[in-house]
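my_file27.json, holding JSON, C-alpha atoms and all ligand atoms:
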[["chain", "number", "residue", "atom", "x", "y", "z"],
["A", 1, "GLY", "CA", 5.74, -0.50, 13.76],
["A", 2, "LYS", "CA", 4.25, -2.47, 10.91],
["A", 3, "ASN", "CA", 1.46, 0.00, 10.16],
["A", 4, "LYS", "CA", 3.53, 3.16, 10.17],
["A", 5, "ALA", "CA", 3.04, 5.10, 6.94],
["A", 6, "VAL", "CA", 5.96, 5.24, 4.53],
["A", 7, "GLU", "CA", 6.81, 8.84, 3.63],
["A", 8, "SER", "CA", 7.25, 9.94, 0.02],
["A", 9, "LYS", "CA", 8.19, 13.52, -0.76],
["A", 10, "ILE", "CA", 7.61, 14.10, -4.44],
["A", 11, "CYS", "CA", 8.55, 17.20, -6.45],
["A", 12, "ILE", "CA", 6.96, 17.92, -9.86],
["A", 13, "LEU", "CA", 9.25, 19.64, -12.35],
["A", 14, "GLY", "CA", 9.18, 20.68, -15.99],
["A", 15, "GLY", "CA", 8.87, 23.66, -18.29],
["A", 16, "PRO", "CA", 6.03, 26.19, -18.11],
["A", 17, "GLY", "CA", 2.60, 25.05, -19.31],
["A", 18, "VAL", "CA", 3.39, 21.34, -19.72],
["A", 19, "GLY", "CA", 0.56, 20.37, -17.36],
["A", 20, "LYS", "CA", 2.32, 19.86, -14.02],
["A", 21, "SER", "CA", -0.53, 21.36, -11.99],
["A", 22, "ALA", "CA", -3.17, 19.64, -14.11],
["A", 23, "LEU", "CA", -1.52, 16.24, -13.49],
["A", 24, "VAL", "CA", -1.24, 16.78, -9.73],
["A", 25, "VAL", "CA", -4.84, 17.97, -9.47],
["A", 26, "ARG", "CA", -6.04, 15.03, -11.58],
["A", 27, "PHE", "CA", -4.14, 12.58, -9.37],
["A", 28, "LEU", "CA", -5.49, 14.09, -6.16],
["A", 29, "THR", "CA", -9.08, 14.90, -7.16],
["A", 30, "ARG", "CA", -9.73, 12.81, -10.32],
["A", 31, "ARG", "CA", -10.78, 16.04, -11.98],
["A", 32, "PHE", "CA", -9.32, 18.24, -14.67],
["A", 33, "ILE", "CA", -9.09, 21.96, -14.12],
["A", 34, "TRP", "CA", -8.48, 23.91, -17.31],
["A", 35, "GLU", "CA", -6.86, 26.99, -15.87],
["A", 36, "TYR", "CA", -4.46, 26.88, -13.00],
["A", 37, "ASP", "CA", -2.39, 29.81, -11.71],
["A", 38, "PRO", "CA", 0.99, 29.30, -13.46],
["A", 39, "THR", "CA", 2.87, 31.19, -10.74],
["A", 40, "LEU", "CA", 1.41, 29.36, -7.76],
["A", 41, "GLU", "CA", 3.64, 26.92, -5.96],
["A", 42, "CYS", "CA", 1.85, 24.50, -3.71],
["A", 43, "THR", "CA", 2.47, 21.49, -1.48],
["A", 44, "TYR", "CA", -0.28, 18.90, -1.03],
["A", 45, "LYS", "CA", -0.48, 16.25, 1.68],
["A", 46, "HIS", "CA", -2.04, 13.01, 0.53],
["A", 47, "GLN", "CA", -2.69, 9.95, 2.69],
["A", 48, "THR", "CA", -3.13, 6.85, 0.57],
["A", 49, "THR", "CA", -2.51, 3.12, 0.32],
["A", 50, "ILE", "CA", -0.07, 1.62, -2.15],
["A", 51, "ASP", "CA", 0.57, -2.14, -2.31],
["A", 52, "ASP", "CA", -1.49, -2.60, 0.89],
["A", 53, "GLU", "CA", 0.76, -0.23, 2.80],
["A", 54, "PRO", "CA", -0.16, 3.19, 4.22],
["A", 55, "VAL", "CA", 1.67, 6.04, 2.50],
["A", 56, "ALA", "CA", 2.06, 9.65, 3.63],
["A", 57, "MET", "CA", 2.70, 11.46, 0.39],
["A", 58, "GLU", "CA", 3.69, 15.09, 0.02],
["A", 59, "ILE", "CA", 3.59, 16.57, -3.44],
["A", 60, "LEU", "CA", 5.30, 19.83, -4.30],
["A", 61, "ASP", "CA", 3.93, 21.40, -7.49],
["A", 62, "THR", "CA", 6.63, 23.83, -8.58],
["A", 63, "ALA", "CA", 6.12, 27.00, -10.62],
["A", 64, "GLY", "CA", 8.59, 29.10, -12.63],
["A", 65, "GLN", "CA", 9.90, 31.95, -10.50],
["A", 66, "GLU", "CA", 9.46, 30.15, -7.17],
["A", 67, "TRP", "CA", 11.36, 27.15, -8.45],
["A", 68, "THR", "CA", 14.29, 29.33, -9.52],
["A", 69, "LEU", "CA", 14.38, 30.96, -6.09],
["A", 70, "HIS", "CA", 14.12, 27.78, -4.01],
["A", 71, "ARG", "CA", 15.77, 25.27, -6.28],
["A", 72, "GLU", "CA", 18.43, 23.88, -3.96],
["A", 73, "GLY", "CA", 16.07, 23.62, -1.01],
["A", 74, "HIS", "CA", 13.39, 21.87, -3.06],
["A", 75, "VAL", "CA", 15.85, 19.37, -4.45],
["A", 76, "ARG", "CA", 17.22, 18.48, -1.02],
["A", 77, "TRP", "CA", 13.68, 18.21, 0.39],
["A", 78, "ALA", "CA", 12.43, 15.75, -2.22],
["A", 79, "ASP", "CA", 12.81, 11.96, -2.20],
["A", 80, "GLY", "CA", 11.87, 11.73, -5.86],
["A", 81, "PHE", "CA", 10.90, 13.76, -8.92],
["A", 82, "VAL", "CA", 8.26, 13.68, -11.64],
["A", 83, "LEU", "CA", 9.87, 15.24, -14.72],
["A", 84, "VAL", "CA", 7.18, 16.43, -17.12],
["A", 85, "TYR", "CA", 7.36, 17.58, -20.73],
["A", 86, "ALA", "CA", 4.52, 18.11, -23.21],
["A", 87, "VAL", "CA", 4.58, 15.84, -26.28],
["A", 88, "ASN", "CA", 3.63, 18.82, -28.48],
["A", 89, "ASP", "CA", 6.48, 21.01, -27.22],
["A", 90, "ARG", "CA", 10.01, 20.05, -28.20],
["A", 91, "ASN", "CA", 11.57, 22.78, -26.03],
["A", 92, "SER", "CA", 9.97, 21.23, -22.99],
["A", 93, "PHE", "CA", 11.69, 17.93, -23.84],
["A", 94, "GLU", "CA", 15.08, 19.66, -23.96],
["A", 95, "GLU", "CA", 14.21, 21.34, -20.68],
["A", 96, "VAL", "CA", 13.70, 18.10, -18.72],
["A", 97, "VAL", "CA", 17.17, 17.01, -19.83],
["A", 98, "ASN", "CA", 18.65, 20.17, -18.31],
["A", 99, "ILE", "CA", 16.58, 19.84, -15.16],
["A", 100, "LYS", "CA", 17.65, 16.22, -14.60],
["A", 101, "GLN", "CA", 21.28, 17.24, -14.98],
["A", 102, "SER", "CA", 20.98, 19.97, -12.37],
["A", 103, "LEU", "CA", 19.16, 17.59, -9.98],
["A", 104, "ASP", "CA", 21.96, 15.04, -10.17],
["A", 105, "GLU", "CA", 24.51, 17.80, -9.56],
["A", 106, "ILE", "CA", 22.70, 19.16, -6.50],
["A", 107, "LYS", "CA", 21.97, 15.71, -4.99],
["A", 108, "LYS", "CA", 25.41, 14.40, -5.99],
["A", 109, "THR", "CA", 23.77, 11.14, -7.04],
["A", 110, "ASN", "CA", 21.47, 9.72, -9.70],
["A", 111, "VAL", "CA", 18.10, 10.94, -8.37],
["A", 112, "GLN", "CA", 14.90, 8.85, -8.26],
["A", 113, "CYS", "CA", 12.55, 10.04, -10.96],
["A", 114, "VAL", "CA", 9.88, 9.16, -13.49],
["A", 115, "LEU", "CA", 9.70, 10.75, -16.94],
["A", 116, "VAL", "CA", 6.28, 11.88, -18.17],
["A", 117, "GLY", "CA", 5.22, 13.01, -21.66],
["A", 118, "ASN", "CA", 1.90, 14.82, -21.08],
["A", 119, "LYS", "CA", -0.84, 16.08, -23.48],
["A", 120, "ILE", "CA", -0.92, 12.82, -25.44],
["A", 121, "ASP", "CA", -4.55, 13.67, -26.31],
["A", 122, "LEU", "CA", -3.15, 16.22, -28.80],
["A", 123, "LEU", "CA", -2.38, 13.39, -31.25],
["A", 124, "HIS", "CA", -2.04, 15.60, -34.33],
["A", 125, "GLU", "CA", 0.44, 17.93, -32.66],
["A", 126, "VAL", "CA", 2.92, 15.34, -31.37],
["A", 127, "ARG", "CA", 6.50, 16.63, -31.74],
["A", 128, "VAL", "CA", 8.21, 14.16, -29.42],
["A", 129, "PRO", "CA", 7.47, 10.54, -30.39],
["A", 130, "TYR", "CA", 7.05, 7.83, -27.76],
["A", 131, "THR", "CA", 10.35, 6.18, -28.71],
["A", 132, "GLU", "CA", 12.33, 9.33, -27.83],
["A", 133, "GLY", "CA", 10.83, 9.57, -24.39],
["A", 134, "GLU", "CA", 11.41, 5.87, -23.89],
["A", 135, "ARG", "CA", 15.05, 6.18, -24.92],
["A", 136, "LEU", "CA", 15.68, 9.06, -22.52],
["A", 137, "ALA", "CA", 14.06, 7.14, -19.66],
["A", 138, "ASN", "CA", 16.27, 4.16, -20.51],
["A", 139, "ASP", "CA", 19.36, 6.37, -20.23],
["A", 140, "TRP", "CA", 18.16, 7.50, -16.83],
["A", 141, "ALA", "CA", 17.12, 3.98, -15.78],
["A", 142, "CYS", "CA", 13.70, 5.28, -14.78],
["A", 143, "ALA", "CA", 10.07, 4.57, -15.67],
["A", 144, "PHE", "CA", 8.36, 6.39, -18.56],
["A", 145, "PHE", "CA", 4.70, 7.26, -19.03],
["A", 146, "GLU", "CA", 2.70, 9.16, -21.61],
["A", 147, "THR", "CA", -0.31, 10.86, -20.05],
["A", 148, "SER", "CA", -3.23, 13.14, -20.68],
["A", 149, "ALA", "CA", -4.25, 15.20, -17.68],
["A", 150, "SER", "CA", -7.33, 16.30, -19.60],
["A", 151, "ASP", "CA", -8.50, 12.77, -20.57],
["A", 152, "GLY", "CA", -7.38, 11.11, -17.33],
["A", 153, "GLY", "CA", -6.39, 7.43, -17.41],
["A", 154, "ASP", "CA", -4.58, 4.93, -15.21],
["A", 155, "GLU", "CA", -1.10, 6.10, -16.21],
["A", 156, "ILE", "CA", -1.50, 9.16, -14.00],
["A", 157, "TYR", "CA", -2.03, 6.98, -10.92],
["A", 158, "GLU", "CA", 0.62, 4.48, -12.00],
["A", 159, "LEU", "CA", 3.32, 7.08, -12.37],
["A", 160, "PHE", "CA", 2.91, 8.31, -8.80],
["A", 161, "HIS", "CA", 2.69, 4.76, -7.48],
["A", 162, "GLU", "CA", 5.76, 3.65, -9.40],
["A", 163, "LEU", "CA", 7.79, 6.60, -8.14],
["A", 164, "HIS", "CA", 6.67, 5.82, -4.60],
["A", 165, "ARG", "CA", 7.85, 2.20, -4.99],
["A", 166, "GLU", "CA", 11.26, 3.41, -6.12],
["A", 167, "ILE", "CA", 11.49, 5.83, -3.21],
["A", 168, "ARG", "CA", 10.46, 3.08, -0.78],
["A", 169, "ARG", "CA", 13.00, 0.64, -2.23],
["A", 170, "ARG", "CA", 15.81, 3.13, -1.75],
["A", 171, "LYS", "CA", 14.69, 3.97, 1.80],
["A", 172, "MET", "CA", 14.72, 0.28, 2.74],
["A", 173, "LEU", "CA", 18.35, 0.10, 1.58],
["A", 174, "GLU", "CA", 19.45, 3.03, 3.74],
["B", 201, "LIG", "P1", 1.99, 23.88, -15.58],
["B", 201, "LIG", "O1", 2.47, 25.27, -15.88],
["B", 201, "LIG", "O2", 3.02, 22.87, -16.01],
["B", 201, "LIG", "O3", 1.53, 23.68, -14.19],
["B", 201, "LIG", "O4", 0.76, 23.61, -16.57],
["B", 201, "LIG", "P2", -0.82, 23.66, -16.24],
["B", 201, "LIG", "O5", -1.23, 22.46, -15.48],
["B", 201, "LIG", "O6", -1.16, 24.98, -15.65],
["B", 201, "LIG", "O7", -1.40, 23.52, -17.72],
["B", 201, "LIG", "C1", -1.07, 24.47, -18.73],
["B", 201, "LIG", "C2", -2.12, 24.45, -19.83],
["B", 201, "LIG", "O8", -2.11, 23.19, -20.48],
["B", 201, "LIG", "C3", -3.55, 24.65, -19.31],
["B", 201, "LIG", "O9", -4.25, 25.45, -20.25],
["B", 201, "LIG", "C4", -4.11, 23.25, -19.27],
["B", 201, "LIG", "O10", -5.49, 23.25, -19.45],
["B", 201, "LIG", "C5", -3.39, 22.58, -20.42],
["B", 201, "LIG", "N1", -3.19, 21.14, -20.21],
["B", 201, "LIG", "C6", -2.66, 20.53, -19.12],
["B", 201, "LIG", "N2", -2.62, 19.19, -19.30],
["B", 201, "LIG", "C7", -3.15, 18.95, -20.52],
["B", 201, "LIG", "C8", -3.39, 17.75, -21.27],
["B", 201, "LIG", "O11", -3.09, 16.62, -20.86],
["B", 201, "LIG", "N3", -3.94, 17.92, -22.52],
["B", 201, "LIG", "C9", -4.28, 19.15, -23.01],
["B", 201, "LIG", "N4", -4.81, 19.18, -24.23],
["B", 201, "LIG", "N5", -4.07, 20.29, -22.34],
["B", 201, "LIG", "C10", -3.51, 20.19, -21.10],
["B", 202, "MG", "MG", 1.49, 24.94, -12.54]]

Before we go any further, please render this structure as structure tokens.
Amino acid sequence: GKNKAVESKICILGGPGVGKSALVVRFLTRRFIWEYDPTLECTYKHQTTIDDEPVAMEILDTAGQEWTLHREGHVRWADGFVLVYAVNDRNSFEEVVNIKQSLDEIKKTNVQCVLVGNKIDLLHEVRVPYTEGERLANDWACAFFETSASDGGDEIYELFHELHREIRRRKMLE
């Protein structure tokens, strides 16, 4: 019926320590937690409203070893992906490129994603300028956000909402 919640299964991916858990926790609780178990993999259920429509969101916060073990299953499970790098860590930028490639291979299609450059509060340590993130997102035809999980800000909510809209759009076409 009209009021049935739209489902969005979202998987958070990126290199170690880029702030995946901090972003998810900020989105869900509006708080910042400094230390978060880097090996813990966790799925959160989140009922919300986006564009006046009920949404049943599930968010899978991946972590190193677990991700390696369950990669294929996670990728098939997810409707869309948040690909996170840290703006002060060039390796993490290279890593999202590799991750995106393996996602497309596993899904056999161009997957729904948003690209996120986190830790933008570390202004003096920026190694990946905005324009590079923007260019990569253009190549992927996806949205791009710079965020700070520690400072908060609307971008963190917008990125999840925007990914949901993309997921919804594709589901309506199926
Ligand atoms: P994950 O391994 O990707 O899940 O990363 P975490 O969320 O565990 O964060 C790793 C470290 O980066 C922690 O010490 C966080 O406090 C820190 N961190 C996360 N997000 C930010 C941010 O936006 N700015 C700053 N300065 N530190 C952050
Ligand atoms: Mg984590």

All residues within 7 Å of ligand MG 202 (chain B) are required, counting only C-alpha atoms and all ligand atoms; please report them as an NGL selection string. :A and (17 or 19-21 or 36-40 or 61-63)

Residues within 9 Å of ligand LIG 201 (chain B) should be enumerated using all atoms listed in the file and returned as JSON, numbers by chain. {"A": [12, 13, 14, 15, 16, 17, 18, 19, 20, 21, 22, 23, 24, 25, 32, 33, 34, 35, 36, 37, 38, 39, 40, 61, 62, 63, 64, 84, 85, 86, 118, 119, 120, 121, 122, 147, 148, 149, 150, 151, 152]}

Protein and nucleic acid residues near (12.9, 10.1, -5.0) (cut-off 9 Å, only C-alpha atoms) as a ChimeraX atom specification: /A:8-11,78-82,111-113,163-164,166-168,170

May I have the residues within 7 Å of Glu134 (chain A) as a list in words, using only C-alpha atoms and disregarding those fewer than 4 positions away in the same chain?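 Non-adjacent residues within range: Tyr130, Asn138 and Phe144 of chain A.
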
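Residues within 12 Å of Asp139 (chain A), counting only C-alpha atoms and excluding same-chain residues fewer than 6 positions away, are Val97, Lys100, Asn110, Val114, Leu115, Glu132 and Gly133 of chain A.
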
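With CA of Ile156 (chain A) on one side and CA of Gly117 (chain A) on the other, the separation reads 10.9 Å.
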
When you count only C-alpha atoms, which of these residues is closest to Ile50 (chain A): A:Val116, A:Ala5, A:Val128, A:Ala143? A:Ala5
